[in-house]
file query_28.cif (mmCIF, C-alpha atoms)
data_run
#
loop_
_atom_site.label_atom_id
_atom_site.label_comp_id
_atom_site.auth_asym_id
_atom_site.auth_seq_id
_atom_site.Cartn_x
_atom_site.Cartn_y
_atom_site.Cartn_z
CA MET K 193 38.13 -33.62 -4.40
CA ASN K 194 39.37 -34.96 -7.73
CA ALA K 195 39.41 -32.86 -10.90
CA PHE K 196 36.23 -34.37 -12.34
CA LYS K 197 34.23 -33.47 -9.22
CA LYS K 198 35.57 -29.92 -9.45
CA ILE K 199 34.52 -29.82 -13.12
CA LYS K 200 30.97 -30.79 -12.17
CA SER K 201 30.81 -28.19 -9.42
CA LYS K 202 32.36 -25.27 -11.28
CA ARG K 203 31.34 -24.72 -14.90
CA THR K 204 31.36 -20.94 -15.22
CA PHE K 205 34.42 -19.09 -16.48
CA ASN K 206 34.70 -15.50 -15.33
CA ALA K 207 36.78 -13.62 -17.88
CA PRO K 208 39.18 -10.91 -16.71
CA LYS K 209 37.78 -7.38 -16.86
CA ASP K 210 40.13 -6.30 -19.65
CA TRP K 211 38.86 -9.01 -22.02
CA LEU K 212 36.32 -7.94 -24.64
CA LYS K 213 33.08 -9.95 -24.62
CA ILE K 214 30.91 -10.14 -27.75
CA LYS K 215 27.60 -12.00 -27.68
CA THR K 216 26.05 -13.52 -30.80
CA ILE K 217 23.19 -15.71 -31.91
CA ASP K 218 24.18 -18.03 -34.74
CA MET K 219 21.78 -19.13 -37.46
CA HIS K 220 21.69 -20.61 -40.94
CA THR K 221 19.51 -20.02 -43.98
CA GLY K 222 19.60 -22.94 -46.38
CA GLY K 223 22.91 -23.99 -44.85
CA GLU K 224 24.52 -20.56 -45.17
CA PRO K 225 25.73 -19.34 -41.74
CA LEU K 226 24.78 -16.06 -40.11
CA ARG K 227 26.43 -14.82 -36.92
CA VAL K 228 24.18 -12.11 -35.48
CA VAL K 229 26.04 -9.72 -33.16
CA ILE K 230 23.66 -8.70 -30.36
CA ASP K 231 26.01 -7.20 -27.73
CA GLY K 232 29.59 -6.18 -27.08
CA LEU K 233 30.54 -4.10 -30.11
CA PRO K 234 31.29 -0.40 -29.58
CA ASP K 235 28.65 2.04 -30.79
CA LEU K 236 28.89 2.81 -34.49
CA ILE K 237 28.75 6.53 -35.26
CA GLY K 238 26.89 7.77 -38.31
CA GLY K 239 23.70 9.39 -39.51
CA SER K 240 22.89 6.59 -41.97
CA ILE K 241 23.53 2.90 -42.55
CA LEU K 242 26.26 3.69 -45.10
CA GLU K 243 27.96 6.11 -42.69
CA CYS K 244 27.92 3.48 -39.92
CA ARG K 245 29.33 0.98 -42.42
CA ARG K 246 32.24 3.32 -43.18
CA TYR K 247 32.81 3.98 -39.48
CA MET K 248 32.93 0.26 -38.72
CA ARG K 249 35.35 -0.35 -41.59
CA GLU K 250 37.65 2.52 -40.57
CA ASN K 251 37.64 1.97 -36.80
CA TYR K 252 36.62 -1.58 -35.87
CA ASP K 253 37.46 -3.75 -38.84
CA HIS K 254 39.66 -5.87 -36.55
CA LEU K 255 36.48 -6.99 -34.76
CA ARG K 256 34.97 -8.11 -38.06
CA LYS K 257 38.05 -10.27 -38.57
CA THR K 258 37.84 -11.55 -35.00
CA LEU K 259 34.27 -12.79 -35.52
CA MET K 260 34.58 -14.01 -39.12
CA PHE K 261 38.10 -15.48 -39.25
CA GLU K 262 39.47 -18.58 -37.55
CA PRO K 263 39.60 -19.68 -34.78
CA ARG K 264 36.10 -18.30 -34.07
CA GLY K 265 34.90 -18.48 -37.66
CA HIS K 266 36.18 -19.81 -40.98
CA ALA K 267 36.80 -18.76 -44.58
CA ASP K 268 33.09 -18.98 -45.46
CA MET K 269 31.69 -17.37 -42.30
CA TYR K 270 29.07 -14.65 -42.59
CA GLY K 271 27.62 -12.24 -40.05
CA CYS K 272 25.56 -9.17 -39.39
CA ILE K 273 25.46 -6.26 -36.96
CA LEU K 274 22.17 -4.68 -35.89
CA ILE K 275 22.16 -0.89 -35.67
CA SER K 276 19.73 2.03 -35.65
CA PRO K 277 17.75 2.47 -38.88
CA ASN K 278 18.01 5.48 -41.17
CA ASP K 279 14.83 6.82 -39.58
CA ASP K 280 12.15 5.77 -37.12
CA SER K 281 9.84 4.38 -39.78
CA ALA K 282 12.00 1.21 -39.98
CA ASP K 283 12.39 -1.40 -37.25
CA PHE K 284 16.20 -1.56 -37.31
CA GLY K 285 19.25 -1.28 -39.52
CA ILE K 286 21.71 -3.99 -40.49
CA LEU K 287 25.32 -4.28 -41.64
CA PHE K 288 26.61 -7.41 -43.36
CA ILE K 289 30.12 -8.75 -42.72
CA HIS K 290 32.20 -11.54 -44.27
CA ASN K 291 35.77 -12.62 -45.02
CA GLU K 292 36.53 -9.67 -47.30
CA GLY K 293 34.59 -6.84 -45.74
CA TYR K 294 31.06 -5.50 -45.90
CA SER K 295 28.24 -6.50 -48.25
CA THR K 296 25.66 -4.11 -49.63
CA MET K 297 22.83 -6.64 -49.46
CA CYS K 298 22.32 -10.20 -48.22
CA GLY K 299 19.06 -12.05 -48.74
CA HIS K 300 19.88 -15.03 -46.54
CA ALA K 301 20.67 -12.63 -43.68
CA ILE K 302 17.37 -10.76 -44.19
CA ILE K 303 15.46 -14.04 -44.01
CA ALA K 304 17.34 -15.12 -40.88
CA ILE K 305 17.11 -11.80 -39.04
CA THR K 306 13.38 -11.57 -39.77
CA ASN K 307 12.94 -15.01 -38.26
CA LEU K 308 15.04 -13.98 -35.25
CA ALA K 309 13.11 -10.74 -34.77
CA ILE K 310 9.97 -12.84 -34.30
CA GLU K 311 11.64 -15.37 -32.00
CA MET K 312 13.16 -12.61 -29.84
CA ASP K 313 9.94 -10.54 -29.75
CA TRP K 314 11.74 -7.53 -31.20
CA VAL K 315 8.58 -6.93 -33.24
CA ASN K 316 4.94 -7.67 -32.49
CA ARG K 317 3.71 -10.97 -33.92
CA VAL K 318 0.83 -10.57 -36.33
CA GLU K 319 -0.75 -13.58 -38.03
CA PRO K 320 -0.78 -14.63 -40.76
CA GLU K 321 2.07 -12.25 -41.73
CA THR K 322 4.33 -10.04 -39.66
CA LYS K 323 5.94 -7.15 -41.54
CA VAL K 324 9.49 -6.11 -40.67
CA LEU K 325 11.18 -3.02 -42.17
CA ILE K 326 14.97 -3.26 -42.34
CA ASP K 327 17.41 -0.58 -43.50
CA ALA K 328 20.34 -2.25 -45.31
CA PRO K 329 23.31 -0.55 -47.02
CA CYS K 330 21.54 -0.90 -50.38
CA GLY K 331 18.27 0.60 -49.10
CA ARG K 332 15.12 -0.36 -47.24
CA ILE K 333 14.03 -3.99 -47.35
CA THR K 334 10.44 -4.97 -46.61
CA SER K 335 10.35 -8.44 -45.11
CA TYR K 336 7.42 -10.64 -44.09
CA ALA K 337 7.29 -13.63 -41.76
CA ARG K 338 4.52 -16.12 -42.46
CA LEU K 339 3.24 -17.29 -39.06
CA ILE K 340 1.28 -20.41 -38.18
CA HIS K 341 0.19 -20.68 -34.53
CA GLY K 342 2.74 -18.03 -33.60
CA LYS K 343 5.70 -19.79 -35.23
CA VAL K 344 7.56 -18.73 -38.36
CA ASP K 345 6.77 -21.04 -41.27
CA SER K 346 8.72 -19.08 -43.89
CA VAL K 347 10.02 -15.60 -44.64
CA PHE K 348 9.82 -13.60 -47.84
CA PHE K 349 11.18 -10.16 -48.62
CA HIS K 350 10.86 -7.51 -51.29
CA CYS K 351 14.35 -6.49 -52.29
CA VAL K 352 15.43 -3.07 -53.50
CA PRO K 353 14.75 -2.35 -57.20
CA SER K 354 16.75 -4.86 -59.22
CA PHE K 355 17.89 -4.34 -62.78
CA VAL K 356 19.97 -5.68 -65.66
CA VAL K 357 23.10 -3.78 -66.60
CA ALA K 358 24.02 -5.89 -69.64
CA LEU K 359 23.21 -9.23 -71.27
CA ASP K 360 25.50 -11.60 -73.17
CA GLN K 361 28.73 -9.76 -72.46
CA GLU K 362 32.01 -11.43 -73.37
CA ILE K 363 35.31 -11.30 -71.56
CA GLU K 364 38.63 -13.12 -71.88
CA VAL K 365 39.45 -14.90 -68.63
CA PRO K 366 42.96 -16.26 -67.97
CA SER K 367 43.07 -20.08 -68.24
CA LEU K 368 39.35 -20.19 -69.12
CA GLY K 369 39.19 -18.36 -72.43
CA LYS K 370 36.22 -16.31 -73.62
CA ILE K 371 33.34 -16.29 -71.12
CA THR K 372 29.82 -14.97 -71.78
CA TYR K 373 28.00 -13.44 -68.81
CA ASP K 374 25.05 -11.28 -67.80
CA LEU K 375 25.54 -8.40 -65.37
CA ALA K 376 22.70 -7.56 -63.00
CA TYR K 377 21.98 -5.88 -59.68
CA GLY K 378 19.81 -7.28 -56.87
CA GLY K 379 21.10 -5.18 -53.99
CA ALA K 380 24.62 -6.18 -55.09
CA PHE K 381 26.18 -6.57 -58.54
CA TYR K 382 26.79 -10.09 -59.90
CA ALA K 383 28.11 -11.65 -63.09
CA TYR K 384 25.88 -14.58 -64.10
CA VAL K 385 27.45 -17.44 -66.08
CA ASN K 386 25.78 -20.48 -67.64
CA ALA K 387 27.79 -23.33 -66.12
CA LYS K 388 26.64 -25.89 -68.71
CA GLU K 389 28.22 -23.93 -71.58
CA TYR K 390 31.65 -24.41 -69.99
CA ASN K 391 31.18 -27.90 -68.54
CA ILE K 392 31.40 -26.55 -64.99
CA SER K 393 29.89 -28.93 -62.46
CA LEU K 394 27.78 -27.36 -59.69
CA ASP K 395 28.19 -30.39 -57.47
CA GLN K 396 29.54 -30.03 -53.93
CA ASN K 397 32.58 -32.11 -54.92
CA ASN K 398 33.57 -29.36 -57.36
CA TYR K 399 33.77 -26.79 -54.57
CA SER K 400 37.43 -25.80 -55.08
CA GLN K 401 37.16 -25.43 -58.86
CA LEU K 402 34.03 -23.29 -58.48
CA ILE K 403 35.95 -20.91 -56.20
CA ASP K 404 38.85 -20.77 -58.65
CA PHE K 405 36.69 -20.16 -61.73
CA GLY K 406 34.37 -17.75 -59.94
CA MET K 407 37.23 -15.58 -58.71
CA ARG K 408 38.98 -15.64 -62.10
CA ILE K 409 35.83 -14.37 -63.79
CA LYS K 410 35.13 -11.75 -61.11
CA ASN K 411 38.69 -10.41 -61.19
CA ALA K 412 38.78 -10.32 -64.99
CA ILE K 413 35.61 -8.21 -65.09
CA ILE K 414 36.93 -5.90 -62.37
CA GLU K 415 40.19 -5.42 -64.27
CA SER K 416 38.36 -4.70 -67.53
CA SER K 417 36.73 -1.42 -68.50
CA VAL K 418 33.22 -2.69 -67.76
CA PRO K 419 31.52 -0.02 -65.58
CA ILE K 420 29.97 -1.25 -62.31
CA THR K 421 28.01 1.84 -61.31
CA HIS K 422 25.08 2.18 -58.95
CA PRO K 423 22.73 5.01 -60.05
CA PHE K 424 22.85 6.82 -56.70
CA GLU K 425 25.57 5.48 -54.36
CA GLU K 426 29.29 5.20 -55.09
CA ASP K 427 29.69 2.90 -52.06
CA LEU K 428 27.49 0.32 -53.80
CA SER K 429 29.38 0.42 -57.11
CA PHE K 430 31.43 -2.77 -57.16
CA LEU K 431 31.17 -6.34 -58.43
CA TYR K 432 30.37 -8.59 -55.49
CA GLY K 433 30.53 -12.04 -57.04
CA THR K 434 30.06 -14.57 -59.80
CA ILE K 435 26.94 -16.74 -59.95
CA PHE K 436 27.00 -20.00 -61.89
CA ILE K 437 23.61 -21.13 -63.20
CA GLY K 438 22.89 -24.75 -64.02
CA GLN K 439 20.44 -27.62 -64.07
CA PRO K 440 18.81 -28.48 -60.74
CA THR K 441 19.19 -31.76 -58.90
CA LEU K 442 15.84 -31.55 -57.14
CA LYS K 443 12.70 -32.47 -59.10
CA ASN K 444 10.75 -29.48 -57.79
CA ALA K 445 13.46 -26.92 -58.65
CA ASP K 446 13.64 -24.91 -61.88
CA SER K 447 17.32 -24.05 -61.75
CA LYS K 448 20.46 -24.05 -59.62
CA ASN K 449 22.60 -21.17 -58.32
CA VAL K 450 26.12 -21.35 -56.95
CA CYS K 451 27.47 -17.97 -55.89
CA ILE K 452 31.18 -17.26 -55.38
CA PHE K 453 31.45 -13.92 -53.60
CA ALA K 454 33.75 -11.70 -51.52
CA GLU K 455 37.20 -13.33 -51.24
CA GLY K 456 36.19 -16.74 -52.62
CA GLU K 457 33.28 -17.52 -50.29
CA VAL K 458 30.77 -20.10 -51.49
CA ASP K 459 27.16 -19.38 -50.59
CA ARG K 460 25.46 -22.48 -49.20
CA SER K 461 22.06 -20.92 -49.93
CA PRO K 462 20.76 -19.95 -53.39
CA THR K 463 21.78 -16.32 -52.60
CA GLY K 464 18.87 -13.94 -51.99
CA SER K 465 20.37 -10.91 -53.69
CA GLY K 466 21.56 -13.17 -56.51
CA VAL K 467 18.06 -14.56 -57.01
CA SER K 468 16.79 -10.95 -57.05
CA GLY K 469 19.18 -10.12 -59.89
CA ARG K 470 18.17 -13.30 -61.71
CA MET K 471 14.52 -12.30 -61.57
CA ALA K 472 15.46 -9.07 -63.35
CA ILE K 473 17.35 -11.04 -66.02
CA HIS K 474 14.52 -13.54 -66.61
CA TYR K 475 11.98 -10.73 -66.74
CA MET K 476 14.00 -8.77 -69.30
CA ARG K 477 14.39 -11.93 -71.41
CA LYS K 478 10.60 -12.46 -71.13
CA GLU K 479 11.20 -15.83 -69.46
CA ILE K 480 9.09 -14.97 -66.40
CA LYS K 481 5.93 -12.90 -65.86
CA ILE K 482 4.84 -10.79 -62.90
CA GLY K 483 3.68 -13.11 -60.14
CA GLN K 484 5.22 -16.22 -61.73
CA GLN K 485 7.43 -18.13 -59.30
CA MET K 486 10.77 -19.87 -59.83
CA THR K 487 12.38 -22.33 -57.42
CA ILE K 488 16.15 -21.95 -57.27
CA GLU K 489 18.31 -24.69 -55.72
CA SER K 490 21.66 -24.15 -53.97
CA ILE K 491 24.83 -26.21 -53.79
CA THR K 492 23.51 -27.79 -50.56
CA GLY K 493 20.08 -28.63 -52.00
CA SER K 494 18.27 -25.85 -50.13
CA VAL K 495 15.87 -23.70 -52.15
CA PHE K 496 14.62 -20.12 -52.44
CA LYS K 497 11.49 -19.14 -54.32
CA GLY K 498 11.87 -16.06 -56.48
CA SER K 499 9.32 -13.95 -58.35
CA VAL K 500 8.66 -10.49 -59.79
CA VAL K 501 6.25 -8.29 -57.83
CA LYS K 502 6.08 -5.33 -60.21
CA GLU K 503 7.98 -3.11 -62.64
CA VAL K 504 9.64 0.03 -61.28
CA THR K 505 11.91 2.79 -62.53
CA PHE K 506 15.26 3.14 -60.79
CA GLY K 507 17.43 5.97 -62.07
CA PRO K 508 18.08 5.23 -65.75
CA TYR K 509 16.97 1.60 -65.44
CA GLN K 510 13.66 -0.12 -66.05
CA ALA K 511 13.83 -2.31 -62.99
CA ILE K 512 11.68 -4.79 -61.09
CA MET K 513 10.75 -5.32 -57.47
CA PRO K 514 11.71 -8.95 -56.76
CA GLN K 515 10.43 -11.23 -54.02
CA VAL K 516 12.54 -13.99 -52.47
CA GLU K 517 11.29 -16.60 -50.00
CA GLY K 518 13.06 -19.11 -47.73
CA ASN K 519 13.52 -19.93 -44.06
CA ALA K 520 16.18 -19.94 -41.36
CA HIS K 521 17.03 -21.73 -38.14
CA ILE K 522 18.89 -20.86 -34.94
CA THR K 523 21.97 -23.02 -34.33
CA GLY K 524 23.47 -21.59 -31.15
CA LYS K 525 24.39 -18.64 -29.00
CA HIS K 526 27.88 -17.52 -28.06
CA GLU K 527 29.82 -15.21 -25.84
CA PHE K 528 33.13 -14.73 -27.59
CA LEU K 529 36.05 -13.68 -25.42
CA ILE K 530 38.94 -11.66 -26.81
CA ASP K 531 42.06 -11.91 -24.70
CA PRO K 532 44.17 -8.80 -25.45
CA GLU K 533 47.34 -10.91 -25.15
CA ASP K 534 46.15 -13.56 -27.61
CA PRO K 535 48.44 -13.38 -30.69
CA PHE K 536 45.53 -14.61 -32.85
CA LYS K 537 42.90 -12.29 -31.39
CA GLU K 538 42.17 -10.85 -34.85
CA GLY K 539 42.05 -14.29 -36.44
CA PHE K 540 43.43 -15.81 -39.62
CA ILE K 541 42.11 -17.72 -42.63
CA LEU K 542 43.28 -21.01 -44.09
CA ARG K 543 41.51 -22.25 -47.23
#
call {"tool": "encode", "arguments": {"input": "query_28.cif", "output": "structure tokens"}}
result
Amino acid sequence: MNAFKKIKSKRTFNAPKDWLKIKTIDMHTGGEPLRVVIDGLPDLIGGSILECRRYMRENYDHLRKTLMFEPRGHADMYGCILISPNDDSADFGILFIHNEGYSTMCGHAIIAITNLAIEMDWVNRVEPETKVLIDAPCGRITSYARLIHGKVDSVFFHCVPSFVVALDQEIEVPSLGKITYDLAYGGAFYAYVNAKEYNISLDQNNYSQLIDFGMRIKNAIIESSVPITHPFEEDLSFLYGTIFIGQPTLKNADSKNVCIFAEGEVDRSPTGSGVSGRMAIHYMRKEIKIGQQMTIESITGSVFKGSVVKEVTFGPYQAIMPQVEGNAHITGKHEFLIDPEDPFKEGFILR
């Protein structure tokens, strides 16, 4: 029997018993990847989502790198881990992972995992809307899948209370000069910069410059005395990224978002938590009313719809409850194998 006949007759690889096996379902929301870990990770110990997040970071961070970094991932890979919720009133909990560490909130992941929960029958399908309660590091997210004939047509979620920290702040950024930005929270803290004021193109061809400028601005703010403080949780008190705002390319879009987050990742979607923070900014500036919808375009041309549901009080802040809508798609399923003798078992990143 020649080799090709053997190939046709034997197509299953049985990994040695000492190899770790991690199963995932891969998705994308508006082009932004999401690797959903469904089996193979050790149990995460903790009485809350934030405690499990700390336990993962302190004990199994090498597995985050294995799944996010090359050769299994890439510099812009994103993922999530499903865990027990804070209490039985939620459907499940979620941790977000990326090239730098662990996010506090991720809208594109919420949209994708809500879609997947329907497809996998983790929750009962109810038409026209199925409600899914998800405990994230930033708090409880209420998500809704719009169903037509049993299939998900779109997903929208109500984020945690979102608020403006400061408007029209100025900071000196090396090689860029004085930059004006708004600082807002939508489950994560972002600095928002008007790209047009600084002749920054939001085109895909300007990808590398956007990373460079975004990280320069983020690092300058971090190194300054500007306080990044969550009202209730120290673990949430850090600047996650820079969001450039510009003119849309699509006729039906109101604006464009390009988010540079973590260690120079570029969000392919309009950024759900970033849109949440933007809704707070527009509402404070009286540029949007409760119930009024904005369509935000991403660097790939995908869109999220954002709106303000209501006003709320959150600690010392007059905040809003934002709504963000989009959709996601499944791209594959994997069983990743980790050979303990592989010198690159924890991965690497080349940009």
call {"tool": "resolve_selection", "arguments": {"input": "query_28.cif", "expression": "the PyMOL selection byres ((chain K and resi 431-438) around 6)", "output": "VMD selection string"}}
result
chain K and resid 381 to 387 406 410 430 439 448 to 453
call {"tool": "atom_distance", "arguments": {"input": "query_28.cif", "atom1": "CA of Lys198 (chain K)", "atom2": "CA of Phe528 (chain K)"}}
result
23.8 Å
call {"tool": "residues_around", "arguments": {"input": "query_28.cif", "residues": "Thr372 (chain K)", "least_positions_apart": "3", "cutoff": "6 Å", "atoms": "all atoms listed in the file", "output": "number ranges by chain"}}
result
K: 360-362
call {"tool": "residues_around", "arguments": {"input": "query_28.cif", "residues": "region 458-475 of chain K", "least_positions_apart": "2", "cutoff": "8 Å", "atoms": "all atoms listed in the file", "output": "short mmCIF file (atom, residue, chain, number, x, y, z; two decimals) with C-alpha atoms, keeping the file's coordinate frame"}}
result
data_model
loop_
_atom_site.label_atom_id
_atom_site.label_comp_id
_atom_site.auth_asym_id
_atom_site.auth_seq_id
_atom_site.Cartn_x
_atom_site.Cartn_y
_atom_site.Cartn_z
CA THR K 221 19.51 -20.02 -43.98
CA GLY K 222 19.60 -22.94 -46.38
CA GLY K 223 22.91 -23.99 -44.85
CA GLU K 224 24.52 -20.56 -45.17
CA ASP K 268 33.09 -18.98 -45.46
CA MET K 297 22.83 -6.64 -49.46
CA CYS K 298 22.32 -10.20 -48.22
CA GLY K 299 19.06 -12.05 -48.74
CA HIS K 300 19.88 -15.03 -46.54
CA CYS K 351 14.35 -6.49 -52.29
CA SER K 354 16.75 -4.86 -59.22
CA PHE K 355 17.89 -4.34 -62.78
CA VAL K 356 19.97 -5.68 -65.66
CA ASP K 374 25.05 -11.28 -67.80
CA ALA K 376 22.70 -7.56 -63.00
CA TYR K 377 21.98 -5.88 -59.68
CA GLY K 378 19.81 -7.28 -56.87
CA GLY K 379 21.10 -5.18 -53.99
CA ALA K 380 24.62 -6.18 -55.09
CA PHE K 381 26.18 -6.57 -58.54
CA TYR K 382 26.79 -10.09 -59.90
CA TYR K 399 33.77 -26.79 -54.57
CA ILE K 403 35.95 -20.91 -56.20
CA ILE K 435 26.94 -16.74 -59.95
CA LYS K 448 20.46 -24.05 -59.62
CA ASN K 449 22.60 -21.17 -58.32
CA VAL K 450 26.12 -21.35 -56.95
CA CYS K 451 27.47 -17.97 -55.89
CA ILE K 452 31.18 -17.26 -55.38
CA PHE K 453 31.45 -13.92 -53.60
CA GLY K 456 36.19 -16.74 -52.62
CA ARG K 477 14.39 -11.93 -71.41
CA LYS K 478 10.60 -12.46 -71.13
CA GLU K 479 11.20 -15.83 -69.46
CA ILE K 480 9.09 -14.97 -66.40
CA LYS K 481 5.93 -12.90 -65.86
CA ILE K 488 16.15 -21.95 -57.27
CA GLU K 489 18.31 -24.69 -55.72
CA SER K 490 21.66 -24.15 -53.97
CA ILE K 491 24.83 -26.21 -53.79
CA THR K 492 23.51 -27.79 -50.56
CA SER K 494 18.27 -25.85 -50.13
CA VAL K 495 15.87 -23.70 -52.15
CA PHE K 496 14.62 -20.12 -52.44
CA GLY K 498 11.87 -16.06 -56.48
CA SER K 499 9.32 -13.95 -58.35
CA VAL K 500 8.66 -10.49 -59.79
CA ALA K 511 13.83 -2.31 -62.99
CA ILE K 512 11.68 -4.79 -61.09
CA PRO K 514 11.71 -8.95 -56.76
CA GLN K 515 10.43 -11.23 -54.02
CA VAL K 516 12.54 -13.99 -52.47
#
call {"tool": "axis_aligned_box", "arguments": {"input": "query_28.cif", "around": "region 517-527 of chain K", "padding_each_side": "6 Å", "output": "AutoDock Vina command-line options"}}
result
--center_x 20.6 --center_y -19.1 --center_z -37.9 --size_x 30.5 --size_y 19.8 --size_z 36.2
call {"tool": "atom_distance", "arguments": {"input": "query_28.cif", "atom1": "CA of Lys388 (chain K)", "atom2": "CA of Ser295 (chain K)"}}
result
28.2 Å
call {"tool": "resolve_selection", "arguments": {"input": "query_28.cif", "expression": "the PyMOL selection byres ((chain K and resi 200-214) around 6)", "output": "ChimeraX atom specification"}}
result
/K:197-199,215,231-232,527-531
call {"tool": "closest_residue", "arguments": {"input": "query_28.cif", "among": "K:Gly518, K:Gly239, K:Gly524, K:Pro263", "to": "Glu538 (chain K)", "atoms": "only C-alpha atoms"}}
result
K:Pro263
call {"tool": "resolve_selection", "arguments": {"input": "query_28.cif", "expression": "the PyMOL selection byres ((chain K and resi 305) around 9)", "output": "PDB file with C-alpha atoms, in the coordinates of the input"}}
result
ATOM      1  CA  MET K 219      21.780 -19.130 -37.460  1.00  0.00           C
ATOM      2  CA  LEU K 226      24.780 -16.060 -40.110  1.00  0.00           C
ATOM      3  CA  VAL K 228      24.180 -12.110 -35.480  1.00  0.00           C
ATOM      4  CA  CYS K 272      25.560  -9.170 -39.390  1.00  0.00           C
ATOM      5  CA  HIS K 300      19.880 -15.030 -46.540  1.00  0.00           C
ATOM      6  CA  ALA K 301      20.670 -12.630 -43.680  1.00  0.00           C
ATOM      7  CA  ILE K 302      17.370 -10.760 -44.190  1.00  0.00           C
ATOM      8  CA  ILE K 303      15.460 -14.040 -44.010  1.00  0.00           C
ATOM      9  CA  ALA K 304      17.340 -15.120 -40.880  1.00  0.00           C
ATOM     10  CA  THR K 306      13.380 -11.570 -39.770  1.00  0.00           C
ATOM     11  CA  ASN K 307      12.940 -15.010 -38.260  1.00  0.00           C
ATOM     12  CA  LEU K 308      15.040 -13.980 -35.250  1.00  0.00           C
ATOM     13  CA  ALA K 309      13.110 -10.740 -34.770  1.00  0.00           C
ATOM     14  CA  ILE K 310       9.970 -12.840 -34.300  1.00  0.00           C
ATOM     15  CA  ALA K 520      16.180 -19.940 -41.360  1.00  0.00           C
TER      16      ALA K 520
END
call {"tool": "residues_around", "arguments": {"input": "query_28.cif", "residues": "region 412-427 of chain K", "least_positions_apart": "2", "cutoff": "8 Å", "atoms": "all atoms listed in the file", "output": "PyMOL selection string"}}
result
chain K and resi 242+363-366+381+408-410+429-431+506-508
call {"tool": "write_last_selection", "arguments": {"input": "query_28.cif", "atoms": "C-alpha atoms", "output": "JSON list (two decimals), keeping the file's coordinate frame"}}
result
[["chain", "number", "residue", "atom", "x", "y", "z"],
["K", 242, "LEU", "CA", 26.26, 3.69, -45.10],
["K", 363, "ILE", "CA", 35.31, -11.30, -71.56],
["K", 364, "GLU", "CA", 38.63, -13.12, -71.88],
["K", 365, "VAL", "CA", 39.45, -14.90, -68.63],
["K", 366, "PRO", "CA", 42.96, -16.26, -67.97],
["K", 381, "PHE", "CA", 26.18, -6.57, -58.54],
["K", 408, "ARG", "CA", 38.98, -15.64, -62.10],
["K", 409, "ILE", "CA", 35.83, -14.37, -63.79],
["K", 410, "LYS", "CA", 35.13, -11.75, -61.11],
["K", 429, "SER", "CA", 29.38, 0.42, -57.11],
["K", 430, "PHE", "CA", 31.43, -2.77, -57.16],
["K", 431, "LEU", "CA", 31.17, -6.34, -58.43],
["K", 506, "PHE", "CA", 15.26, 3.14, -60.79],
["K", 507, "GLY", "CA", 17.43, 5.97, -62.07],
["K", 508, "PRO", "CA", 18.08, 5.23, -65.75]]
call {"tool": "atom_distance", "arguments": {"input": "query_28.cif", "atom1": "CA of Leu542 (chain K)", "atom2": "CA of Ala267 (chain K)"}}
result
6.9 Å
call {"tool": "residues_around", "arguments": {"input": "query_28.cif", "residues": "region 244-259 of chain K", "least_positions_apart": "5", "cutoff": "8 Å", "atoms": "all atoms listed in the file", "output": "PyMOL selection string"}}
result
chain K and resi 236-239+264-265+287+289-291+293-294+329+537-540
call {"tool": "residues_around", "arguments": {"input": "query_28.cif", "residues": "Ile340 (chain K)", "least_positions_apart": "4", "cutoff": "7 Å", "atoms": "only C-alpha atoms", "output": "short mmCIF file (atom, residue, chain, number, x, y, z; two decimals) with C-alpha atoms, keeping the file's coordinate frame"}}
result
data_model
loop_
_atom_site.label_atom_id
_atom_site.label_comp_id
_atom_site.auth_asym_id
_atom_site.auth_seq_id
_atom_site.Cartn_x
_atom_site.Cartn_y
_atom_site.Cartn_z
CA PRO K 320 -0.78 -14.63 -40.76
CA VAL K 344 7.56 -18.73 -38.36
CA ASP K 345 6.77 -21.04 -41.27
#
call {"tool": "closest_residue", "arguments": {"input": "query_28.cif", "among": "K:Leu233, K:Leu375, K:Lys443, K:Asp279", "to": "Asp327 (chain K)", "atoms": "all atoms listed in the file"}}
result
K:Asp279
call {"tool": "closest_residue", "arguments": {"input": "query_28.cif", "among": "K:Ile392, K:Met260, K:Val352, K:Ile286", "to": "Leu368 (chain K)", "atoms": "only C-alpha atoms"}}
result
K:Ile392
call {"tool": "closest_residue", "arguments": {"input": "query_28.cif", "among": "K:Ile522, K:Leu394, K:Val347, K:Val318", "to": "Arg227 (chain K)", "atoms": "only C-alpha atoms"}}
result
K:Ile522
